[in-house]
Amino acid sequence: MRILFLSRWYPYPPDNGSKVRIFNIIKYLARSHDITLISFAEEMISSERLAAMREFCSRVEVTPYKRFQPTSGKALRGFFSRKPRSFIDTFSRELQGQIESAEREMPFDVVIASQVDMAPYALALPTTPKILEEIEISIFHDQYIKEFHPLKKARKRLMWGKWLFYMAEVLRQYDGCTVVSEPEIEPIQKALPGYQPVALIPNGADIERFTGDFGQPECNTLVYTGALTYYVNFDAMKFFLGEVFPLILAQCPEVKLYMAGHLEGVAMDELPKHDNAIFTGHLADIRHRVAGSWLSIVPERVGGGTRIKVPESMALGTPVVATTRGATGLDVRHGEDILVADTPEDFAAAVLRVLKDPQLRETLSRNGRRTVEEKYDWKVIVHQFDTFIQSVVTQRNSK
């Protein structure tokens, strides 16, 4: 098939969760299909980065992404629209033109819009089968529920209502969609009851890339991977540093925590300070840092997607302690593959168990790696996605 893939993120290098997913989906779909990639980018894309994606794509087009400006004229007018304001302010006619031009040269068999940001653009091809890939909007509901300030809560309730209305309008024009975890199906059914088909396509790890010698782990070390520029990650580390880490340090004062991820523009003064908490900033290759730690922590409290940091840590044989929300979307066994804990006291106790018990570390390391090999290798996941794509196209063409 000829597949048009629309991406909010230029996927190379795959250095955040969204890019990792997009890169691996394209990499493995390209083994059986012809891929055209049309992508936004927030920075200039070098010839080397373009060449990296052209290994998998017959055509690559890139358009500069215009960040959302809440006080712009279009954004302010968006208060009177049923669409989310960010979509109104950031819409790119240039990218839509690229899509229409590519379609005129040779029609596509299917268009895949990656994440809700790209949903409007596939609509430029009304007769082409369409799949909306990786819907994740439960975070807006979480923000509304967790807000207690009356005015802010009212505003977030309005935002949540806009999202439901908008998703209903979009899904009526899509032939199928995917989510990465079960909790993301509920908002879809709330927006458009009875909508089908919806496929659960989880995140994973590239077993080929995560196999090798990445060094020996450093004693009593924890690692957290994820850009703190992302609200979900920032909230997770504010919770861990403020409520969990002091409990761990009280019993194991020599423990170190490494936090690897982008920090540009982050309000670092809002995070509790600890001498044993080390911000590495963005690491081009996180494999050595994760493999070099005794334990990977995933203390997320909001959001509904599968955290790529979990299967990647497991693939490297690094034990994982996660909240229930952090482990969402993964078929893993507490006490066998990972440890799951939610309260500060329970999370700290779980971390200390792993640090103090070498046999438990070995069990979690061995079982975690095997679970990823069996269920969460990107090669396996993309095969499932490919089957879904072909079923959607067949169903659409039969109508």
# chains A, B, ... in the order shown; residues from 1 in each chain; ligands from 1
>>> residues_around(residues="range 345-347 of chain A", least_positions_apart="6", cutoff="8 Å", atoms="only C-alpha atoms", output="ChimeraX atom specification")
/A:244,247,321-323
>>> select_by_dssp(residues="range 112-256 of chain A", states="strand (DSSP E)", output="PDB file with all heavy atoms, in the first residue's frame")
ATOM      1  N   ILE A 112      -2.532   8.101   7.561  1.00  0.00           N
ATOM      2  CA  ILE A 112      -2.449   7.933   9.004  1.00  0.00           C
ATOM      3  C   ILE A 112      -2.060   9.269   9.610  1.00  0.00           C
ATOM      4  O   ILE A 112      -0.983   9.799   9.314  1.00  0.00           O
ATOM      5  CB  ILE A 112      -1.408   6.862   9.382  1.00  0.00           C
ATOM      6  CG1 ILE A 112      -1.793   5.508   8.777  1.00  0.00           C
ATOM      7  CG2 ILE A 112      -1.271   6.756  10.904  1.00  0.00           C
ATOM      8  CD1 ILE A 112      -0.717   4.444   8.938  1.00  0.00           C
ATOM      9  N   ALA A 113      -2.937   9.821  10.439  1.00  0.00           N
ATOM     10  CA  ALA A 113      -2.652  11.072  11.142  1.00  0.00           C
ATOM     11  C   ALA A 113      -2.202  10.721  12.551  1.00  0.00           C
ATOM     12  O   ALA A 113      -2.974  10.160  13.333  1.00  0.00           O
ATOM     13  CB  ALA A 113      -3.888  11.960  11.180  1.00  0.00           C
ATOM     14  N   SER A 114      -0.957  11.033  12.866  1.00  0.00           N
ATOM     15  CA  SER A 114      -0.387  10.666  14.160  1.00  0.00           C
ATOM     16  C   SER A 114      -0.687  11.731  15.199  1.00  0.00           C
ATOM     17  O   SER A 114      -0.212  12.860  15.087  1.00  0.00           O
ATOM     18  CB  SER A 114       1.124  10.474  14.028  1.00  0.00           C
ATOM     19  OG  SER A 114       1.707  10.237  15.292  1.00  0.00           O
ATOM     20  N   LYS A 130      -8.948   6.835   6.298  1.00  0.00           N
ATOM     21  CA  LYS A 130      -8.197   7.610   7.283  1.00  0.00           C
ATOM     22  C   LYS A 130      -8.166   6.898   8.633  1.00  0.00           C
ATOM     23  O   LYS A 130      -9.186   6.386   9.087  1.00  0.00           O
ATOM     24  CB  LYS A 130      -8.810   9.005   7.447  1.00  0.00           C
ATOM     25  CG  LYS A 130      -8.535   9.925   6.270  1.00  0.00           C
ATOM     26  CD  LYS A 130      -9.246  11.253   6.425  1.00  0.00           C
ATOM     27  CE  LYS A 130     -10.695  11.158   5.973  1.00  0.00           C
ATOM     28  NZ  LYS A 130     -10.814  10.877   4.531  1.00  0.00           N
ATOM     29  N   ILE A 131      -6.979   6.921   9.265  1.00  0.00           N
ATOM     30  CA  ILE A 131      -6.804   6.379  10.608  1.00  0.00           C
ATOM     31  C   ILE A 131      -6.169   7.452  11.474  1.00  0.00           C
ATOM     32  O   ILE A 131      -5.162   8.058  11.086  1.00  0.00           O
ATOM     33  CB  ILE A 131      -5.907   5.122  10.594  1.00  0.00           C
ATOM     34  CG1 ILE A 131      -6.598   3.988   9.833  1.00  0.00           C
ATOM     35  CG2 ILE A 131      -5.571   4.673  12.019  1.00  0.00           C
ATOM     36  CD1 ILE A 131      -5.724   2.767   9.618  1.00  0.00           C
ATOM     37  N   LEU A 132      -6.774   7.708  12.636  1.00  0.00           N
ATOM     38  CA  LEU A 132      -6.206   8.640  13.609  1.00  0.00           C
ATOM     39  C   LEU A 132      -5.415   7.818  14.623  1.00  0.00           C
ATOM     40  O   LEU A 132      -5.989   7.032  15.375  1.00  0.00           O
ATOM     41  CB  LEU A 132      -7.314   9.445  14.287  1.00  0.00           C
ATOM     42  CG  LEU A 132      -6.884  10.530  15.265  1.00  0.00           C
ATOM     43  CD1 LEU A 132      -5.854  11.475  14.649  1.00  0.00           C
ATOM     44  CD2 LEU A 132      -8.096  11.328  15.740  1.00  0.00           C
ATOM     45  N   GLU A 133      -4.112   7.988  14.613  1.00  0.00           N
ATOM     46  CA  GLU A 133      -3.206   7.143  15.387  1.00  0.00           C
ATOM     47  C   GLU A 133      -2.834   7.769  16.731  1.00  0.00           C
ATOM     48  O   GLU A 133      -2.438   8.920  16.796  1.00  0.00           O
ATOM     49  CB  GLU A 133      -1.925   6.931  14.571  1.00  0.00           C
ATOM     50  CG  GLU A 133      -1.191   5.622  14.770  1.00  0.00           C
ATOM     51  CD  GLU A 133      -0.526   5.473  16.133  1.00  0.00           C
ATOM     52  OE1 GLU A 133       0.424   6.216  16.429  1.00  0.00           O
ATOM     53  OE2 GLU A 133      -0.971   4.591  16.903  1.00  0.00           O
ATOM     54  N   GLY A 176     -11.094   4.739  11.343  1.00  0.00           N
ATOM     55  CA  GLY A 176     -10.596   3.967  12.481  1.00  0.00           C
ATOM     56  C   GLY A 176      -9.627   4.810  13.276  1.00  0.00           C
ATOM     57  O   GLY A 176      -9.161   5.865  12.822  1.00  0.00           O
ATOM     58  N   CYS A 177      -9.345   4.357  14.481  1.00  0.00           N
ATOM     59  CA  CYS A 177      -8.387   5.065  15.318  1.00  0.00           C
ATOM     60  C   CYS A 177      -7.688   4.072  16.235  1.00  0.00           C
ATOM     61  O   CYS A 177      -8.118   2.927  16.398  1.00  0.00           O
ATOM     62  CB  CYS A 177      -9.061   6.167  16.140  1.00  0.00           C
ATOM     63  SG  CYS A 177     -10.171   5.547  17.427  1.00  0.00           S
ATOM     64  N   THR A 178      -6.578   4.513  16.824  1.00  0.00           N
ATOM     65  CA  THR A 178      -5.830   3.680  17.757  1.00  0.00           C
ATOM     66  C   THR A 178      -5.624   4.432  19.066  1.00  0.00           C
ATOM     67  O   THR A 178      -5.603   5.662  19.105  1.00  0.00           O
ATOM     68  CB  THR A 178      -4.452   3.280  17.203  1.00  0.00           C
ATOM     69  OG1 THR A 178      -3.605   4.434  17.137  1.00  0.00           O
ATOM     70  CG2 THR A 178      -4.564   2.661  15.825  1.00  0.00           C
ATOM     71  N   VAL A 179      -5.471   3.658  20.127  1.00  0.00           N
ATOM     72  CA  VAL A 179      -5.085   4.182  21.435  1.00  0.00           C
ATOM     73  C   VAL A 179      -3.967   3.298  21.960  1.00  0.00           C
ATOM     74  O   VAL A 179      -3.771   2.165  21.497  1.00  0.00           O
ATOM     75  CB  VAL A 179      -6.270   4.180  22.430  1.00  0.00           C
ATOM     76  CG1 VAL A 179      -7.362   5.124  21.969  1.00  0.00           C
ATOM     77  CG2 VAL A 179      -6.827   2.767  22.614  1.00  0.00           C
ATOM     78  N   VAL A 198     -11.839   0.748  16.948  1.00  0.00           N
ATOM     79  CA  VAL A 198     -10.768   1.284  17.784  1.00  0.00           C
ATOM     80  C   VAL A 198      -9.797   0.143  18.084  1.00  0.00           C
ATOM     81  O   VAL A 198     -10.221  -0.915  18.549  1.00  0.00           O
ATOM     82  CB  VAL A 198     -11.314   1.862  19.101  1.00  0.00           C
ATOM     83  CG1 VAL A 198     -10.173   2.423  19.943  1.00  0.00           C
ATOM     84  CG2 VAL A 198     -12.367   2.924  18.839  1.00  0.00           C
ATOM     85  N   ALA A 199      -8.522   0.344  17.827  1.00  0.00           N
ATOM     86  CA  ALA A 199      -7.514  -0.688  18.077  1.00  0.00           C
ATOM     87  C   ALA A 199      -6.588  -0.246  19.202  1.00  0.00           C
ATOM     88  O   ALA A 199      -6.172   0.917  19.263  1.00  0.00           O
ATOM     89  CB  ALA A 199      -6.689  -0.965  16.823  1.00  0.00           C
ATOM     90  N   LEU A 200      -6.283  -1.166  20.092  1.00  0.00           N
ATOM     91  CA  LEU A 200      -5.322  -0.923  21.168  1.00  0.00           C
ATOM     92  C   LEU A 200      -3.939  -1.316  20.662  1.00  0.00           C
ATOM     93  O   LEU A 200      -3.640  -2.497  20.497  1.00  0.00           O
ATOM     94  CB  LEU A 200      -5.698  -1.734  22.405  1.00  0.00           C
ATOM     95  CG  LEU A 200      -4.750  -1.657  23.610  1.00  0.00           C
ATOM     96  CD1 LEU A 200      -4.583  -0.225  24.081  1.00  0.00           C
ATOM     97  CD2 LEU A 200      -5.260  -2.535  24.749  1.00  0.00           C
ATOM     98  N   GLU A 218      25.328   1.041  38.471  1.00  0.00           N
ATOM     99  CA  GLU A 218      25.946   1.682  39.629  1.00  0.00           C
ATOM    100  C   GLU A 218      25.103   1.405  40.872  1.00  0.00           C
ATOM    101  O   GLU A 218      23.874   1.511  40.840  1.00  0.00           O
ATOM    102  CB  GLU A 218      26.030   3.190  39.368  1.00  0.00           C
ATOM    103  CG  GLU A 218      26.650   4.004  40.476  1.00  0.00           C
ATOM    104  CD  GLU A 218      26.610   5.496  40.187  1.00  0.00           C
ATOM    105  OE1 GLU A 218      26.275   5.872  39.039  1.00  0.00           O
ATOM    106  OE2 GLU A 218      26.893   6.280  41.113  1.00  0.00           O
ATOM    107  N   CYS A 219      25.745   1.071  41.943  1.00  0.00           N
ATOM    108  CA  CYS A 219      25.068   0.693  43.189  1.00  0.00           C
ATOM    109  C   CYS A 219      24.156   1.823  43.688  1.00  0.00           C
ATOM    110  O   CYS A 219      24.531   2.999  43.664  1.00  0.00           O
ATOM    111  CB  CYS A 219      26.123   0.352  44.238  1.00  0.00           C
ATOM    112  SG  CYS A 219      25.462  -0.085  45.848  1.00  0.00           S
ATOM    113  N   ASN A 220      22.945   1.442  44.123  1.00  0.00           N
ATOM    114  CA  ASN A 220      21.998   2.372  44.753  1.00  0.00           C
ATOM    115  C   ASN A 220      21.663   3.587  43.890  1.00  0.00           C
ATOM    116  O   ASN A 220      21.663   4.729  44.357  1.00  0.00           O
ATOM    117  CB  ASN A 220      22.527   2.837  46.116  1.00  0.00           C
ATOM    118  CG  ASN A 220      22.511   1.714  47.136  1.00  0.00           C
ATOM    119  OD1 ASN A 220      21.577   0.927  47.191  1.00  0.00           O
ATOM    120  ND2 ASN A 220      23.566   1.629  47.942  1.00  0.00           N
ATOM    121  N   THR A 221      21.376   3.330  42.630  1.00  0.00           N
ATOM    122  CA  THR A 221      21.035   4.433  41.721  1.00  0.00           C
ATOM    123  C   THR A 221      19.641   4.234  41.146  1.00  0.00           C
ATOM    124  O   THR A 221      19.238   3.130  40.787  1.00  0.00           O
ATOM    125  CB  THR A 221      22.034   4.539  40.555  1.00  0.00           C
ATOM    126  OG1 THR A 221      22.178   3.257  39.930  1.00  0.00           O
ATOM    127  CG2 THR A 221      23.384   5.030  41.035  1.00  0.00           C
ATOM    128  N   LEU A 222      18.910   5.338  41.059  1.00  0.00           N
ATOM    129  CA  LEU A 222      17.607   5.376  40.430  1.00  0.00           C
ATOM    130  C   LEU A 222      17.713   6.240  39.174  1.00  0.00           C
ATOM    131  O   LEU A 222      18.566   7.132  39.092  1.00  0.00           O
ATOM    132  CB  LEU A 222      16.556   5.998  41.356  1.00  0.00           C
ATOM    133  CG  LEU A 222      16.534   5.582  42.822  1.00  0.00           C
ATOM    134  CD1 LEU A 222      15.450   6.363  43.562  1.00  0.00           C
ATOM    135  CD2 LEU A 222      16.330   4.092  42.956  1.00  0.00           C
ATOM    136  N   VAL A 223      16.828   5.993  38.205  1.00  0.00           N
ATOM    137  CA  VAL A 223      16.818   6.814  36.999  1.00  0.00           C
ATOM    138  C   VAL A 223      15.380   7.117  36.613  1.00  0.00           C
ATOM    139  O   VAL A 223      14.478   6.289  36.792  1.00  0.00           O
ATOM    140  CB  VAL A 223      17.563   6.117  35.822  1.00  0.00           C
ATOM    141  CG1 VAL A 223      16.846   4.833  35.405  1.00  0.00           C
ATOM    142  CG2 VAL A 223      17.725   7.063  34.646  1.00  0.00           C
ATOM    143  N   TYR A 224      15.192   8.355  36.144  1.00  0.00           N
ATOM    144  CA  TYR A 224      13.908   8.751  35.563  1.00  0.00           C
ATOM    145  C   TYR A 224      14.213   9.362  34.209  1.00  0.00           C
ATOM    146  O   TYR A 224      15.042  10.278  34.097  1.00  0.00           O
ATOM    147  CB  TYR A 224      13.182   9.775  36.430  1.00  0.00           C
ATOM    148  CG  TYR A 224      11.868  10.220  35.814  1.00  0.00           C
ATOM    149  CD1 TYR A 224      10.723   9.455  35.986  1.00  0.00           C
ATOM    150  CD2 TYR A 224      11.781  11.378  35.045  1.00  0.00           C
ATOM    151  CE1 TYR A 224       9.521   9.831  35.410  1.00  0.00           C
ATOM    152  CE2 TYR A 224      10.577  11.766  34.471  1.00  0.00           C
ATOM    153  CZ  TYR A 224       9.461  10.987  34.658  1.00  0.00           C
ATOM    154  OH  TYR A 224       8.268  11.351  34.074  1.00  0.00           O
ATOM    155  N   THR A 225      13.547   8.868  33.160  1.00  0.00           N
ATOM    156  CA  THR A 225      13.760   9.414  31.822  1.00  0.00           C
ATOM    157  C   THR A 225      12.485  10.081  31.344  1.00  0.00           C
ATOM    158  O   THR A 225      11.397   9.518  31.466  1.00  0.00           O
ATOM    159  CB  THR A 225      14.173   8.315  30.833  1.00  0.00           C
ATOM    160  OG1 THR A 225      13.148   7.323  30.771  1.00  0.00           O
ATOM    161  CG2 THR A 225      15.474   7.660  31.272  1.00  0.00           C
ATOM    162  N   LYS A 256      21.208   7.663  44.851  1.00  0.00           N
ATOM    163  CA  LYS A 256      21.264   8.769  43.896  1.00  0.00           C
ATOM    164  C   LYS A 256      20.130   8.622  42.892  1.00  0.00           C
ATOM    165  O   LYS A 256      19.752   7.511  42.512  1.00  0.00           O
ATOM    166  CB  LYS A 256      22.598   8.761  43.132  1.00  0.00           C
ATOM    167  CG  LYS A 256      23.805   9.146  43.937  1.00  0.00           C
ATOM    168  CD  LYS A 256      25.048   9.142  43.049  1.00  0.00           C
ATOM    169  CE  LYS A 256      26.311   9.495  43.822  1.00  0.00           C
ATOM    170  NZ  LYS A 256      27.519   9.451  42.958  1.00  0.00           N
TER     171      LYS A 256
END
>>> select_by_dssp(residues="range 180-312 of chain A", states="alpha helix (DSSP H)", output="ChimeraX atom specification")
/A:185-191,231-239,245-251,287-291,309-312
>>> write_last_selection(atoms="C-alpha atoms", output="CSV table (one decimal), in the first residue's frame")
chain,number,residue,atom,x,y,z
A,185,ILE,CA,-11.1,4.3,24.9
A,186,GLU,CA,-13.6,5.8,27.4
A,187,PRO,CA,-13.2,9.4,26.2
A,188,ILE,CA,-13.7,8.2,22.6
A,189,GLN,CA,-16.9,6.4,23.5
A,190,LYS,CA,-18.0,9.5,25.5
A,191,ALA,CA,-17.4,11.8,22.6
A,231,TYR,CA,3.4,18.5,32.2
A,232,VAL,CA,2.9,14.8,33.0
A,233,ASN,CA,6.6,14.3,33.6
A,234,PHE,CA,7.0,17.5,35.6
A,235,ASP,CA,4.1,16.5,37.9
A,236,ALA,CA,5.6,13.0,38.4
A,237,MET,CA,8.9,14.4,39.5
A,238,LYS,CA,7.4,17.1,41.7
A,239,PHE,CA,5.5,14.3,43.5
A,245,PHE,CA,12.4,10.7,47.8
A,246,PRO,CA,12.8,12.0,51.4
A,247,LEU,CA,11.3,8.7,52.7
A,248,ILE,CA,13.9,6.8,50.7
A,249,LEU,CA,16.8,9.0,51.8
A,250,ALA,CA,15.8,8.5,55.4
A,251,GLN,CA,16.6,4.8,55.1
A,287,ARG,CA,20.5,3.3,27.1
A,288,HIS,CA,23.7,3.6,29.1
A,289,ARG,CA,22.1,5.7,31.8
A,290,VAL,CA,19.2,3.4,32.2
A,291,ALA,CA,21.2,0.2,32.1
A,309,LYS,CA,10.2,4.5,29.5
A,310,VAL,CA,8.6,1.3,31.1
A,311,PRO,CA,9.2,-1.2,28.2
A,312,GLU,CA,12.5,0.4,27.4
>>> residues_around(residues="range 364-369 of chain A", least_positions_apart="3", cutoff="7 Å", atoms="only C-alpha atoms", output="list of chain:residue names")
A:Met314, A:Ala315, A:Leu316, A:Gly317, A:Thr318, A:Pro319, A:Glu336, A:Asp337, A:Ile338, A:Leu360, A:Arg361, A:Val372, A:Glu373
>>> closest_atom_pairs(of="range 200-219 of chain A", to="range 16-27 of chain A", cutoff="10 Å", atoms="only C-alpha atoms", output="Markdown table")
| residue | atom | partner | partner_atom | distance |
| --- | --- | --- | --- | --- |
| A:Pro202 | CA | A:Arg21 | CA | 9.4 |
| A:Asn203 | CA | A:Arg21 | CA | 6.7 |
| A:Gly204 | CA | A:Arg21 | CA | 7.9 |
| A:Ala205 | CA | A:Val20 | CA | 8.7 |
| A:Asp206 | CA | A:Asn24 | CA | 7.7 |
>>> residues_around(residues="Asp89 in chain A", least_positions_apart="3", cutoff="8 Å", atoms="only C-alpha atoms", output="list in words")
Phe68, Gln69, Ser72, Lys74, Ala75, Gly78, Arg85 and Ser86 of chain A
>>> closest_residue(among="A:Phe279, A:Tyr195, A:Tyr230, A:Phe40", to="Gly303 in chain A", atoms="only C-alpha atoms")
A:Tyr230
>>> residues_around(residues="Asp386 in chain A", least_positions_apart="2", cutoff="12 Å", atoms="only C-alpha atoms", output="number ranges by chain")
A: 1, 3, 25-26, 28-33, 110, 112, 131, 178, 199, 201, 378-384, 388-393
>>> closest_residue(among="A:Pro358, A:Lys153, A:Pro197, A:Phe240", to="Leu171 in chain A", atoms="only C-alpha atoms")
A:Pro197
>>> closest_residue(among="A:Met106, A:Leu123, A:Ile137, A:Val351", to="Asp175 in chain A", atoms="only C-alpha atoms")
A:Leu123
>>> closest_residue(among="A:Gly73, A:Asp15, A:Leu6, A:Thr211", to="Val111 in chain A", atoms="only C-alpha atoms")
A:Leu6
>>> closest_residue(among="A:Leu76, A:Leu37, A:Ala102, A:Ala52", to="Tyr12 in chain A", atoms="only C-alpha atoms")
A:Ala52
>>> residues_around(residues="Gly326 in chain A", least_positions_apart="5", cutoff="10 Å", atoms="only C-alpha atoms", output="number ranges by chain")
A: 236, 297-310, 321, 340-342
>>> closest_residue(among="A:Ile99, A:Asp117, A:Thr328, A:Asp285", to="Phe210 in chain A", atoms="only C-alpha atoms")
A:Asp285
>>> atom_distance(atom1="CA of Glu362 in chain A", atom2="CA of Gly292 in chain A")
14.4 Å
>>> atom_distance(atom1="CA of Gln143 in chain A", atom2="CA of Lys156 in chain A")
7.0 Å
